[in-house]
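Coordinates from target_29.cif are shown below (mmCIF, C-alpha atoms and all ligand atoms).
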```cif
data_upload
loop_
_atom_site.label_atom_id
_atom_site.label_comp_id
_atom_site.auth_asym_id
_atom_site.auth_seq_id
_atom_site.Cartn_x
_atom_site.Cartn_y
_atom_site.Cartn_z
CA MET A 30 0.00 0.00 0.00
CA LYS A 31 0.99 3.65 -0.39
CA SER A 32 1.65 5.78 2.68
CA ARG A 33 2.48 9.42 3.34
CA ALA A 34 5.85 9.54 5.06
CA ALA A 35 8.70 11.84 6.02
CA VAL A 36 11.88 10.05 5.03
CA ALA A 37 15.39 10.69 6.34
CA LEU A 38 17.34 10.23 3.12
CA GLU A 39 20.66 11.52 4.45
CA ALA A 40 22.13 12.64 7.76
CA GLY A 41 21.88 16.36 8.44
CA LYS A 42 19.26 17.03 5.74
CA PRO A 43 15.57 17.90 6.26
CA LEU A 44 13.12 15.01 5.93
CA GLU A 45 11.61 14.41 2.47
CA LEU A 46 7.82 14.27 2.34
CA VAL A 47 7.03 11.46 -0.05
CA GLU A 48 4.69 8.58 -0.73
CA ILE A 49 6.34 5.31 0.23
CA ASP A 50 5.33 1.68 -0.27
CA VAL A 51 4.43 -0.29 2.84
CA GLU A 52 4.13 -4.07 2.72
CA GLY A 53 1.51 -5.84 4.83
CA PRO A 54 2.40 -7.38 8.20
CA LYS A 55 4.21 -10.74 8.28
CA ALA A 56 3.97 -13.30 11.09
CA GLY A 57 4.08 -11.63 14.51
CA GLU A 58 3.68 -8.15 13.01
CA VAL A 59 0.97 -5.52 12.98
CA LEU A 60 0.03 -2.78 10.51
CA VAL A 61 -0.85 0.46 12.31
CA ARG A 62 -2.33 3.66 10.92
CA MET A 63 -0.79 6.50 12.92
CA ALA A 64 -3.14 9.25 14.08
CA ALA A 65 -0.50 11.53 15.58
CA THR A 66 3.22 11.68 16.21
CA SER A 67 5.55 14.08 17.90
CA VAL A 68 9.24 14.85 17.48
CA CYS A 69 11.60 13.92 20.32
CA HIS A 70 15.17 15.16 20.58
CA THR A 71 16.31 11.58 19.88
CA ASP A 72 14.83 11.80 16.36
CA ALA A 73 16.85 15.00 15.82
CA TYR A 74 19.95 13.30 17.26
CA THR A 75 19.66 10.37 14.84
CA LEU A 76 18.92 12.65 11.90
CA SER A 77 22.02 14.71 12.78
CA GLY A 78 24.22 11.69 12.03
CA THR A 79 25.75 11.28 15.50
CA ASP A 80 23.75 8.16 16.48
CA PRO A 81 26.05 5.14 16.13
CA GLU A 82 22.96 3.11 15.21
CA GLY A 83 21.67 5.73 12.76
CA LEU A 84 20.82 4.31 9.33
CA PHE A 85 19.84 6.06 6.11
CA PRO A 86 17.53 6.14 4.28
CA SER A 87 15.04 5.52 7.05
CA VAL A 88 11.63 6.34 8.47
CA LEU A 89 12.25 7.95 11.87
CA GLY A 90 9.75 8.69 14.65
CA HIS A 91 9.01 6.92 17.92
CA GLU A 92 6.46 9.04 19.82
CA GLY A 93 3.08 8.24 18.32
CA ALA A 94 -0.36 6.72 18.66
CA GLY A 95 -2.58 5.01 16.12
CA VAL A 96 -5.11 2.32 15.24
CA VAL A 97 -4.43 -1.31 14.29
CA GLN A 98 -5.40 -1.96 10.64
CA GLU A 99 -4.29 -5.54 10.09
CA VAL A 100 -2.49 -8.26 12.03
CA GLY A 101 -0.04 -10.84 10.70
CA GLU A 102 -0.15 -14.58 11.21
CA GLY A 103 -0.03 -15.72 14.81
CA VAL A 104 -0.84 -12.33 16.32
CA THR A 105 -3.28 -12.93 19.17
CA SER A 106 -3.01 -10.02 21.59
CA LEU A 107 -4.27 -7.32 19.19
CA LYS A 108 -7.04 -6.91 16.64
CA PRO A 109 -8.00 -4.38 13.98
CA GLY A 110 -9.53 -1.29 15.56
CA ASP A 111 -7.43 -1.44 18.74
CA HIS A 112 -5.82 1.86 19.73
CA VAL A 113 -2.09 1.45 20.28
CA ILE A 114 1.09 3.22 21.27
CA PRO A 115 4.22 1.85 19.54
CA LEU A 116 7.03 0.95 21.94
CA TYR A 117 10.74 1.35 21.26
CA THR A 118 11.25 -0.80 24.34
CA ALA A 119 9.35 -4.00 23.56
CA GLU A 120 7.91 -6.30 26.21
CA CYS A 121 7.74 -9.96 25.17
CA GLY A 122 7.23 -11.23 28.70
CA LYS A 123 9.35 -14.31 27.95
CA CYS A 124 13.00 -13.31 27.48
CA LYS A 125 15.74 -13.26 30.11
CA PHE A 126 15.29 -9.50 30.56
CA CYS A 127 11.50 -9.60 30.84
CA LEU A 128 11.66 -12.49 33.32
CA SER A 129 14.41 -10.91 35.43
CA GLY A 130 12.13 -8.54 37.31
CA LYS A 131 15.10 -6.15 37.26
CA THR A 132 14.66 -4.14 34.04
CA ASN A 133 12.19 -2.93 31.44
CA LEU A 134 14.67 -3.67 28.63
CA CYS A 135 13.54 -6.61 26.49
CA GLY A 136 15.81 -8.74 24.33
CA SER A 137 13.20 -10.12 21.93
CA VAL A 138 13.53 -7.68 19.01
CA ARG A 139 16.28 -5.24 20.09
CA ALA A 140 19.04 -6.63 17.84
CA THR A 141 17.07 -6.37 14.58
CA GLN A 142 15.50 -3.09 15.75
CA GLY A 143 18.99 -1.59 16.00
CA LYS A 144 19.73 -2.75 12.45
CA GLY A 145 16.64 -0.97 11.10
CA VAL A 146 14.77 -4.11 10.09
CA MET A 147 11.87 -6.24 11.30
CA PRO A 148 12.62 -9.38 13.38
CA ASP A 149 12.86 -11.52 10.20
CA GLY A 150 15.71 -9.30 8.98
CA THR A 151 13.79 -7.50 6.22
CA SER A 152 12.07 -4.12 5.85
CA ARG A 153 8.40 -3.38 5.09
CA PHE A 154 9.23 0.07 3.68
CA SER A 155 10.49 1.08 0.25
CA LEU A 156 10.70 4.19 -1.88
CA ASP A 157 10.86 3.85 -5.66
CA GLY A 158 11.83 0.20 -5.17
CA LYS A 159 14.70 1.02 -2.78
CA MET A 160 14.56 -0.38 0.75
CA LEU A 161 14.05 2.09 3.63
CA HIS A 162 15.14 1.25 7.18
CA HIS A 163 12.79 1.10 10.12
CA TYR A 164 13.72 3.11 13.24
CA MET A 165 13.52 2.14 16.91
CA GLY A 166 10.99 -0.53 15.96
CA THR A 167 8.32 2.16 15.56
CA SER A 168 8.81 4.49 12.51
CA THR A 169 5.94 6.78 13.42
CA PHE A 170 6.81 9.27 10.65
CA SER A 171 4.83 7.14 8.19
CA GLU A 172 1.03 7.19 8.19
CA TYR A 173 1.08 3.40 7.89
CA THR A 174 3.79 1.58 9.82
CA VAL A 175 4.53 -2.05 10.62
CA VAL A 176 5.49 -2.90 14.19
CA PRO A 177 6.19 -6.21 16.00
CA GLU A 178 3.28 -7.35 18.18
CA VAL A 179 5.56 -7.20 21.24
CA SER A 180 6.21 -3.52 20.52
CA LEU A 181 2.62 -2.30 20.85
CA ALA A 182 0.70 -1.28 23.96
CA VAL A 183 -3.09 -1.48 23.62
CA VAL A 184 -4.68 1.56 25.26
CA SER A 185 -8.14 2.99 25.91
CA LYS A 186 -10.16 4.04 22.85
CA GLU A 187 -11.47 6.97 24.90
CA ALA A 188 -8.05 8.63 25.08
CA PRO A 189 -7.18 11.38 22.56
CA MET A 190 -4.37 10.04 20.40
CA ASP A 191 -2.99 13.51 19.70
CA LYS A 192 -2.18 13.79 23.41
CA ILE A 193 -1.29 10.25 24.53
CA CYS A 194 1.25 9.98 21.71
CA LEU A 195 3.60 11.73 24.15
CA LEU A 196 3.41 8.68 26.39
CA GLY A 197 5.29 6.83 23.64
CA CYS A 198 8.44 8.53 24.90
CA GLY A 199 8.90 11.93 26.57
CA VAL A 200 6.32 12.06 29.35
CA THR A 201 6.71 8.41 30.37
CA THR A 202 10.52 8.60 30.30
CA GLY A 203 10.72 11.53 32.71
CA ILE A 204 8.05 10.39 35.16
CA GLY A 205 9.34 6.81 35.10
CA ALA A 206 12.95 7.87 35.71
CA VAL A 207 11.85 9.51 38.96
CA LEU A 208 9.42 6.86 40.19
CA ASN A 209 11.06 3.64 38.90
CA THR A 210 14.76 4.34 38.42
CA ALA A 211 15.58 6.83 41.19
CA LYS A 212 12.62 6.01 43.45
CA VAL A 213 12.69 9.57 44.83
CA GLU A 214 11.37 9.77 48.41
CA PRO A 215 9.10 12.46 49.88
CA GLY A 216 11.11 15.45 51.13
CA SER A 217 14.00 14.91 48.69
CA THR A 218 15.99 17.62 46.95
CA VAL A 219 16.15 17.09 43.18
CA ALA A 220 18.17 18.81 40.42
CA VAL A 221 16.96 18.62 36.81
CA PHE A 222 19.46 19.51 34.06
CA GLY A 223 17.69 20.41 30.79
CA LEU A 224 14.08 21.55 30.64
CA GLY A 225 12.77 20.05 27.40
CA ALA A 226 9.94 17.51 27.53
CA ILE A 227 12.13 15.01 29.39
CA GLY A 228 13.24 17.47 32.06
CA LEU A 229 9.69 18.81 32.54
CA ALA A 230 8.40 15.25 32.88
CA VAL A 231 11.08 14.62 35.52
CA ILE A 232 9.78 17.69 37.36
CA GLN A 233 6.24 16.30 37.12
CA GLY A 234 7.50 12.96 38.50
CA ALA A 235 9.35 14.71 41.32
CA VAL A 236 6.15 16.53 42.31
CA MET A 237 4.29 13.17 42.29
CA ALA A 238 7.05 11.75 44.52
CA LYS A 239 6.55 14.74 46.88
CA ALA A 240 10.09 16.09 46.51
CA ALA A 241 10.53 19.16 48.73
CA ARG A 242 12.84 21.11 46.46
CA ILE A 243 13.14 20.82 42.67
CA ILE A 244 15.97 22.81 41.10
CA ALA A 245 15.45 23.45 37.37
CA ILE A 246 18.62 24.13 35.36
CA ASP A 247 18.79 25.31 31.75
CA VAL A 248 20.90 27.64 29.60
CA ASN A 249 17.68 28.87 27.95
CA ALA A 250 15.89 31.04 30.53
CA ASP A 251 12.68 30.91 28.47
CA LYS A 252 12.21 27.37 29.81
CA PHE A 253 11.84 28.46 33.45
CA GLU A 254 8.21 29.61 33.25
CA LEU A 255 6.87 26.20 32.24
CA ALA A 256 9.23 24.48 34.71
CA LYS A 257 7.66 26.62 37.46
CA GLN A 258 4.17 25.69 36.25
CA PHE A 259 5.13 22.01 36.51
CA GLY A 260 6.33 22.53 40.10
CA ALA A 261 10.03 23.44 40.08
CA THR A 262 10.97 25.56 43.11
CA ASP A 263 14.40 26.97 42.12
CA PHE A 264 15.78 28.12 38.76
CA VAL A 265 19.42 28.21 37.73
CA ASN A 266 20.92 29.42 34.47
CA PRO A 267 24.56 28.19 34.33
CA LYS A 268 25.39 31.14 32.04
CA GLU A 269 24.93 33.49 35.01
CA TYR A 270 27.68 31.88 37.11
CA SER A 271 31.45 31.76 36.80
CA ASP A 272 31.78 28.77 39.16
CA PRO A 273 31.22 25.25 37.77
CA ILE A 274 27.50 24.49 37.90
CA GLN A 275 28.01 21.55 40.29
CA GLN A 276 29.58 23.94 42.81
CA VAL A 277 26.65 26.34 42.43
CA ILE A 278 24.17 23.54 43.18
CA VAL A 279 26.22 22.18 46.11
CA ASP A 280 26.32 25.68 47.63
CA LEU A 281 22.56 26.11 47.14
CA THR A 282 21.73 22.81 48.86
CA ASP A 283 23.97 22.48 51.92
CA GLY A 284 26.27 19.89 50.35
CA GLY A 285 24.39 18.61 47.30
CA VAL A 286 21.11 17.13 46.09
CA ASP A 287 19.61 13.74 46.87
CA TYR A 288 18.85 13.07 43.20
CA SER A 289 19.89 14.65 39.92
CA PHE A 290 18.71 13.92 36.36
CA GLU A 291 20.60 14.72 33.15
CA CYS A 292 18.02 15.39 30.43
CA ILE A 293 20.23 16.89 27.70
CA GLY A 294 22.69 14.34 26.30
CA ASN A 295 25.82 16.39 27.15
CA VAL A 296 28.61 14.34 28.75
CA ASN A 297 30.08 17.37 30.54
CA VAL A 298 26.69 18.09 32.12
CA MET A 299 26.43 14.39 33.07
CA ARG A 300 29.59 14.88 35.12
CA SER A 301 28.20 18.04 36.73
CA ALA A 302 24.95 16.22 37.50
CA LEU A 303 26.85 13.47 39.32
CA GLU A 304 29.14 15.86 41.17
CA CYS A 305 26.29 18.05 42.46
CA CYS A 306 24.95 15.03 44.39
CA HIS A 307 25.31 14.81 48.13
CA LYS A 308 28.27 12.86 49.51
CA GLY A 309 27.27 9.49 50.92
CA TRP A 310 23.96 8.97 49.13
CA GLY A 311 23.26 11.29 46.17
CA GLU A 312 22.16 9.50 42.98
CA SER A 313 22.44 10.86 39.46
CA ILE A 314 20.31 9.45 36.65
CA VAL A 315 21.53 9.77 33.04
CA ILE A 316 18.57 10.07 30.67
CA GLY A 317 20.14 12.15 27.87
CA VAL A 318 21.59 10.32 24.87
CA ALA A 319 25.10 11.27 23.76
CA GLY A 320 26.65 10.93 20.31
CA ALA A 321 29.05 8.32 18.94
CA GLY A 322 32.47 8.45 20.60
CA GLU A 323 31.34 10.54 23.58
CA GLU A 324 32.29 9.22 27.02
CA ILE A 325 31.54 10.18 30.61
CA SER A 326 34.21 10.69 33.22
CA THR A 327 34.62 11.72 36.84
CA ARG A 328 37.08 11.07 39.65
CA PRO A 329 36.39 7.56 41.00
CA PHE A 330 36.51 9.26 44.44
CA GLN A 331 33.05 10.67 43.62
CA LEU A 332 31.69 7.11 43.64
CA VAL A 333 33.93 5.88 46.46
CA THR A 334 32.36 8.57 48.61
CA GLY A 335 28.86 7.29 48.01
CA ARG A 336 27.49 9.04 44.94
CA VAL A 337 25.71 6.67 42.52
CA TRP A 338 25.57 6.92 38.72
CA LYS A 339 22.61 5.23 36.99
CA GLY A 340 20.89 5.35 33.60
CA SER A 341 17.25 5.12 32.60
CA ALA A 342 15.62 3.97 29.33
CA PHE A 343 11.93 4.74 28.78
CA GLY A 344 11.75 5.53 32.49
CA GLY A 345 12.12 1.87 33.42
CA VAL A 346 8.51 1.40 32.26
CA LYS A 347 7.36 -1.96 30.84
CA GLY A 348 5.28 -0.66 27.97
CA ARG A 349 2.70 -3.38 27.29
CA SER A 350 1.80 -3.94 30.92
CA GLU A 351 2.21 -0.43 32.34
CA LEU A 352 1.44 2.09 29.57
CA PRO A 353 -2.35 1.47 29.60
CA GLY A 354 -2.24 2.58 33.27
CA TYR A 355 -0.37 5.77 32.32
CA VAL A 356 -3.13 6.49 29.79
CA GLU A 357 -5.77 5.97 32.51
CA ARG A 358 -3.87 8.30 34.83
CA TYR A 359 -3.87 10.94 32.08
CA MET A 360 -7.60 10.46 31.59
CA ASN A 361 -8.34 10.91 35.31
CA GLY A 362 -6.14 14.00 35.60
CA GLU A 363 -3.22 12.48 37.53
CA ILE A 364 -0.76 12.92 34.64
CA ASN A 365 -0.47 16.20 32.76
CA ILE A 366 0.33 15.79 29.07
CA ASP A 367 -1.44 18.81 27.58
CA ASP A 368 1.07 21.38 28.88
CA PHE A 369 3.94 19.72 27.02
CA ILE A 370 2.24 20.42 23.69
CA THR A 371 3.38 23.88 22.65
CA HIS A 372 2.54 23.40 18.94
CA ASP A 373 0.07 21.39 16.81
CA MET A 374 0.57 21.06 13.06
CA PRO A 375 -0.42 18.96 10.08
CA PHE A 376 2.06 16.12 9.45
CA GLU A 377 3.36 17.83 6.30
CA LYS A 378 4.98 20.55 8.46
CA ILE A 379 7.23 18.06 10.25
CA ASN A 380 10.45 19.87 9.30
CA GLU A 381 9.13 22.98 11.07
CA ALA A 382 8.70 20.85 14.18
CA PHE A 383 12.41 19.93 14.03
CA GLU A 384 13.37 23.60 13.55
CA LEU A 385 11.31 24.69 16.58
CA LEU A 386 12.95 21.98 18.73
CA HIS A 387 16.45 23.00 17.63
CA ALA A 388 15.69 26.67 18.27
CA GLY A 389 14.50 25.88 21.82
CA LYS A 390 11.07 27.33 20.96
CA SER A 391 8.96 24.21 21.45
CA ILE A 392 8.61 21.50 24.04
CA ARG A 393 6.62 19.12 21.88
CA THR A 394 4.98 19.68 18.49
CA VAL A 395 2.20 17.20 17.77
CA LEU A 396 1.83 16.35 14.09
CA HIS A 397 -1.60 15.23 12.94
CA TYR A 398 -1.96 12.76 10.05
N1 LIG B 401 16.86 7.63 28.01
C1 LIG B 401 15.70 7.73 27.40
O1 LIG B 401 14.85 6.83 27.48
C2 LIG B 401 15.38 8.94 26.62
C3 LIG B 401 16.35 9.88 26.36
N2 LIG B 401 16.03 11.03 25.67
C4 LIG B 401 17.08 12.03 25.53
O2 LIG B 401 16.82 13.05 26.50
C5 LIG B 401 17.40 14.27 26.07
C6 LIG B 401 16.37 15.39 26.14
O3 LIG B 401 15.35 15.21 25.19
P1 LIG B 401 14.25 16.38 24.95
O4 LIG B 401 13.70 16.84 26.25
O5 LIG B 401 13.35 15.88 23.88
O6 LIG B 401 15.21 17.51 24.36
P2 LIG B 401 15.07 19.10 24.25
O7 LIG B 401 16.00 19.53 23.19
O8 LIG B 401 13.65 19.49 24.13
O9 LIG B 401 15.58 19.62 25.68
C7 LIG B 401 16.93 19.75 26.03
C8 LIG B 401 17.06 20.96 26.95
O10 LIG B 401 18.42 21.03 27.42
C9 LIG B 401 18.81 22.38 27.46
N3 LIG B 401 20.27 22.45 27.45
C10 LIG B 401 21.11 22.27 26.39
N4 LIG B 401 22.39 22.39 26.79
C11 LIG B 401 22.36 22.65 28.12
C12 LIG B 401 23.38 22.86 29.11
N5 LIG B 401 24.67 22.82 28.81
N6 LIG B 401 23.00 23.10 30.40
C13 LIG B 401 21.67 23.15 30.72
N7 LIG B 401 20.67 22.96 29.82
C14 LIG B 401 21.01 22.70 28.54
C15 LIG B 401 18.14 23.00 26.24
O11 LIG B 401 18.06 24.41 26.36
C16 LIG B 401 16.78 22.31 26.27
O12 LIG B 401 15.85 23.05 27.03
C17 LIG B 401 17.94 13.99 24.66
O13 LIG B 401 19.31 13.66 24.78
C18 LIG B 401 17.15 12.78 24.23
O14 LIG B 401 17.82 12.07 23.23
C19 LIG B 401 14.77 11.28 25.24
C20 LIG B 401 13.78 10.37 25.46
C21 LIG B 401 14.00 9.09 26.12
N1 LIG B 402 20.94 4.37 19.15
C1 LIG B 402 21.48 5.01 20.30
C2 LIG B 402 20.73 4.57 21.54
C3 LIG B 402 19.95 5.71 22.01
C4 LIG B 402 19.27 5.42 23.32
O1 LIG B 402 19.90 5.28 24.33
N2 LIG B 402 17.95 5.34 23.28
C5 LIG B 402 17.14 5.30 24.45
C6 LIG B 402 15.82 5.82 24.13
S1 LIG B 402 15.91 7.47 23.55
C7 LIG B 402 14.36 7.87 23.23
O2 LIG B 402 14.06 8.95 22.86
C8 LIG B 402 16.92 3.89 24.97
O3 LIG B 402 15.88 3.53 25.48
N3 LIG B 402 17.90 3.10 24.93
C9 LIG B 402 17.79 1.71 25.27
C10 LIG B 402 17.91 0.87 24.04
O4 LIG B 402 17.73 -0.34 24.12
O5 LIG B 402 18.20 1.47 22.97
C11 LIG B 402 22.95 4.71 20.50
O6 LIG B 402 23.41 3.69 20.02
O7 LIG B 402 23.57 5.54 21.15
ZN ZN B 403 12.19 9.93 22.54
ZN ZN B 404 11.37 -9.69 26.53
#
```
So that I can check it, write out the structure of this file as structure tokens.
Ligand SMILES: NC(=O)C1=CN([C@@H]2O[C@H](COP(=O)(O)OP(=O)(O)OC[C@H]3O[C@@H](n4cnc5c(N)ncnc54)[C@H](O)[C@@H]3O)[C@@H](O)[C@H]2O)C=CC1
Ligand SMILES: N[C@@H](CCC(=O)N[C@@H](CSC=O)C(=O)NCC(=O)O)C(=O)O
Ligand SMILES: [Zn+2]
Ligand SMILES: [Zn+2]
Amino acid sequence: MKSRAAVALEAGKPLELVEIDVEGPKAGEVLVRMAATSVCHTDAYTLSGTDPEGLFPSVLGHEGAGVVQEVGEGVTSLKPGDHVIPLYTAECGKCKFCLSGKTNLCGSVRATQGKGVMPDGTSRFSLDGKMLHHYMGTSTFSEYTVVPEVSLAVVSKEAPMDKICLLGCGVTTGIGAVLNTAKVEPGSTVAVFGLGAIGLAVIQGAVMAKAARIIAIDVNADKFELAKQFGATDFVNPKEYSDPIQQVIVDLTDGGVDYSFECIGNVNVMRSALECCHKGWGESIVIGVAGAGEEISTRPFQLVTGRVWKGSAFGGVKGRSELPGYVERYMNGEINIDDFITHDMPFEKINEAFELLHAGKSIRTVLHY
């Protein structure tokens, strides 16, 4: 079938709006018609060419929601008409990871996902007869996409897809990093580096966890107003200080924070986020994604003296079993998604959405198919 899509033909170039060919679902696969998608910084990162797993040409996009059109052979947990959120972190429920009880990472489709193909090693997308790669197992920048059954969460049909698409990545990642990865306790002091959708969702999670003090840090002061609305209590622009930012935060907090979150993807800030943690117990959670060849460093003494460095993928959330609950919590007002959406546009304006993100003018732009 034909499908409207925005294709990443080459690194560093705008997406091309074209009609691609999409093959029907094979065994264990599902054809989904996307209703809405948003642009996450990770899409921009891959498009920039710095993602070591980045492949071109490809159909990017991983923050979306849609409706099942057709299921492949052997698919039993979904049917046409179901509303779904594609998951870049699958949940098969059977692999070593899923059975460990220790992680939300799933091993069932991750290897082929990273190679830009479906689990059978082939692609369902082509343009003028030339194969296009899939992306993150989701490829939400095509109106029709094919996704493994294990990479789809079935959610309520009552929920607006142009809002809950943000649960496919940004909102869930930030809230989950606080509640599942850090397990922030009431009364804690929290520092959040980077106030895009991920950082704002961390702030929302910290409020849910009843943190006493939430320090919002960004080099773009325009981000502070929304951070305040989400519940941040202190605002720090590193550009206004000559001291290293970790020293500024340590001085502000009588020795450092209980928890810090890096929501940028900058390895120097990752170091600052660790070093602003309190001696003896402070934990720093890396959420940001850094480019090929980038490495983190600190003095081992920082860890010897009790600071902990951790990472978080999709907020530690198991998508198939837990995302329907996130949707319910949005529907009953416990989770705020609406305030992340600074722009709504038709899908055809997707390159404008990337420009707004790069310029620091948007939090999330929702694109409507
Ligand atoms: N681990 C995971 O599961 C996930 C990771 N990510 C990653 O999280 C990061 C954030 O994503 P978004 O919120 O979509 O990005 P964004 O671009 O909307 O937000 C980044 C924010 O960081 C700020 N910033 C940049 N340099 C800074 C510095 N030196 N100090 C302080 N603030 C600075 C920017 O002004 C901006 O407000 C990206 O690296 C993305 O790839 C995103 C989703 C899931
Ligand atoms: N391809 C990248 C990996 C980037 C990465 O870490 N992705 C995050 C999600 S980012 C979403 O916006 C993640 O969940 N990672 C876990 C995983 O299994 O990929 C690279 O190679 O650096
Ligand atoms: Zn994302
Ligand atoms: Zn699994």
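The shortest atom-to-atom distance to ligand LIG 401 (chain B), with all atoms listed in the file taken into account, belongs to A:Tyr117 out of A:Tyr117, A:Phe154, A:Trp338, A:Tyr355.
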Gap from CA of Gly136 (chain A) to atom N3 of ligand LIG 402 (chain B) - Å, one decimal: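 Spanning CA of Gly136 (chain A) to atom N3 of ligand LIG 402 (chain B) is a straight-line distance of 12.0 Å.
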Contacts with ligand ZN 403 (chain B) at most 6 Å, all atoms listed in the file counted, listed as a list in words: Cys69, Thr71, Cys198 and Gly199 of chain A
Residues just named, written with C-alpha atoms as a compact mmCIF listing (two decimals), in the coordinates of the input:
```txt
# COMPACT_ATOMS: atom_id res chain seq x y z
CA CYS A 69 11.60 13.92 20.32
CA THR A 71 16.31 11.58 19.88
CA CYS A 198 8.44 8.53 24.90
CA GLY A 199 8.90 11.93 26.57
```
Using all atoms listed in the file, find each protein or nucleic acid residue lying at most 6 Å from ligand LIG 401 (chain B); present the set as a JSON list (two decimals) with C-alpha atoms, keeping the file's coordinate frame.
```json
[["chain", "number", "residue", "atom", "x", "y", "z"],
["A", 69, "CYS", "CA", 11.60, 13.92, 20.32],
["A", 70, "HIS", "CA", 15.17, 15.16, 20.58],
["A", 71, "THR", "CA", 16.31, 11.58, 19.88],
["A", 198, "CYS", "CA", 8.44, 8.53, 24.90],
["A", 199, "GLY", "CA", 8.90, 11.93, 26.57],
["A", 202, "THR", "CA", 10.52, 8.60, 30.30],
["A", 222, "PHE", "CA", 19.46, 19.51, 34.06],
["A", 223, "GLY", "CA", 17.69, 20.41, 30.79],
["A", 224, "LEU", "CA", 14.08, 21.55, 30.64],
["A", 225, "GLY", "CA", 12.77, 20.05, 27.40],
["A", 226, "ALA", "CA", 9.94, 17.51, 27.53],
["A", 227, "ILE", "CA", 12.13, 15.01, 29.39],
["A", 228, "GLY", "CA", 13.24, 17.47, 32.06],
["A", 246, "ILE", "CA", 18.62, 24.13, 35.36],
["A", 247, "ASP", "CA", 18.79, 25.31, 31.75],
["A", 248, "VAL", "CA", 20.90, 27.64, 29.60],
["A", 249, "ASN", "CA", 17.68, 28.87, 27.95],
["A", 292, "CYS", "CA", 18.02, 15.39, 30.43],
["A", 293, "ILE", "CA", 20.23, 16.89, 27.70],
["A", 294, "GLY", "CA", 22.69, 14.34, 26.30],
["A", 316, "ILE", "CA", 18.57, 10.07, 30.67],
["A", 317, "GLY", "CA", 20.14, 12.15, 27.87],
["A", 318, "VAL", "CA", 21.59, 10.32, 24.87],
["A", 341, "SER", "CA", 17.25, 5.12, 32.60],
["A", 342, "ALA", "CA", 15.62, 3.97, 29.33],
["A", 343, "PHE", "CA", 11.93, 4.74, 28.78],
["A", 386, "LEU", "CA", 12.95, 21.98, 18.73],
["A", 389, "GLY", "CA", 14.50, 25.88, 21.82],
["A", 392, "ILE", "CA", 8.61, 21.50, 24.04]]
```
Taking a cut-off of 10 Å and counting all atoms listed in the file, can you build a table that, for each residue of chain A near ligand ZN 404 (chain B), reports the nearest atom pair and how far apart they are in Å (one decimal), sorted by chain then residue number, as CSV?
```
residue,atom,partner,partner_atom,distance
A:Thr118,CA,B:ZN404,ZN,9.2
A:Ala119,CA,B:ZN404,ZN,6.7
A:Glu120,CA,B:ZN404,ZN,4.9
A:Cys121,CA,B:ZN404,ZN,3.9
A:Gly122,CA,B:ZN404,ZN,4.9
A:Lys123,CA,B:ZN404,ZN,5.2
A:Cys124,CA,B:ZN404,ZN,4.1
A:Lys125,CA,B:ZN404,ZN,6.7
A:Phe126,CA,B:ZN404,ZN,5.6
A:Cys127,CA,B:ZN404,ZN,4.3
A:Leu128,CA,B:ZN404,ZN,7.4
A:Ser129,CA,B:ZN404,ZN,9.5
A:Thr132,CA,B:ZN404,ZN,9.9
A:Asn133,CA,B:ZN404,ZN,8.4
A:Leu134,CA,B:ZN404,ZN,7.2
A:Cys135,CA,B:ZN404,ZN,3.8
A:Gly136,CA,B:ZN404,ZN,5.0
A:Ser137,CA,B:ZN404,ZN,5.0
A:Val138,CA,B:ZN404,ZN,8.1
A:Arg139,CA,B:ZN404,ZN,9.2
A:Val179,CA,B:ZN404,ZN,8.2
A:Lys347,CA,B:ZN404,ZN,9.7
```
One-decimal distance in Å that lies between CA of Phe253 (chain A) and CA of Ala220 (chain A):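 Computing the Euclidean distance for CA of Ala220 (chain A) and CA of Phe253 (chain A) yields 13.5 Å.
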For CA of Ile243 (chain A) and CA of Val221 (chain A), the interatomic separation in Å (one decimal):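 Calculated distance between CA of Ile243 (chain A) and CA of Val221 (chain A) is 7.3 Å.
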Shell around region 367-372 of chain A at 7 Å using all atoms listed in the file, local window under 4 positions removed, as a list in words: Lys192, Ala226, Ser391, Ile392, Arg393, Thr394 and Val395 of chain A
Nearest to Asn266 (chain A), chosen from A:Asp191, A:Asp251, A:Tyr288, A:Asp280, with all atoms listed in the file counted in the distances: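 Smallest distance to Asn266 (chain A) is found for A:Asp251.
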Of the listed residues A:Val333, A:Val231, A:Leu84, A:Ile204, that which approaches ligand LIG 402 (chain B) most closely, counting all atoms listed in the file: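 Once distances to ligand LIG 402 (chain B) are computed over all atoms listed in the file, the minimum belongs to A:Leu84.
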Best match for closeness to ligand LIG 402 (chain B) among A:Asp283, A:Glu324, A:Asp50, A:Glu254, counting all atoms listed in the file: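 Of all the options, A:Glu324 lies closest to ligand LIG 402 (chain B).
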If the box runs along x, y and z of the file and leaves 5 Å on each side of ligand LIG 402 (chain B), what are its centre and edge lengths in Å, one decimal, as lines of an AutoDock Vina configuration file?
```
center_x = 18.8
center_y = 4.3
center_z = 22.3
size_x = 19.5
size_y = 19.3
size_z = 16.3
```
Counting all atoms listed in the file, the residue of A:Val277, A:Ala211, A:Ala321, A:Cys306 that sits nearest ligand LIG 402 (chain B):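 Under the stated criterion, the closest residue is A:Ala321.
If only C-alpha atoms and all ligand atoms are the atoms counted, then among A:Met63, A:Ala319, A:Leu352, A:Val219 the closest residue to ligand LIG 402 (chain B) is A:Ala319.
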Residue neighbourhood Ser168 (chain A), 7 Å, all atoms listed in the file, exclusion window fewer than 5 positions, as a PyMOL selection string: chain A and resi 88-91+163+174
For region 303-305 of chain A, work out the shell of residues within 6 Å, counting all atoms listed in the file and skipping chain neighbours fewer than 5 positions away, then give it as a short mmCIF file (atom, residue, chain, number, x, y, z; two decimals) with C-alpha atoms, in the coordinates of the input.
```
data_model
loop_
_atom_site.label_atom_id
_atom_site.label_comp_id
_atom_site.auth_asym_id
_atom_site.auth_seq_id
_atom_site.Cartn_x
_atom_site.Cartn_y
_atom_site.Cartn_z
CA GLN A 275 28.01 21.55 40.29
CA ILE A 278 24.17 23.54 43.18
CA VAL A 279 26.22 22.18 46.11
CA GLY A 285 24.39 18.61 47.30
CA SER A 313 22.44 10.86 39.46
#
```
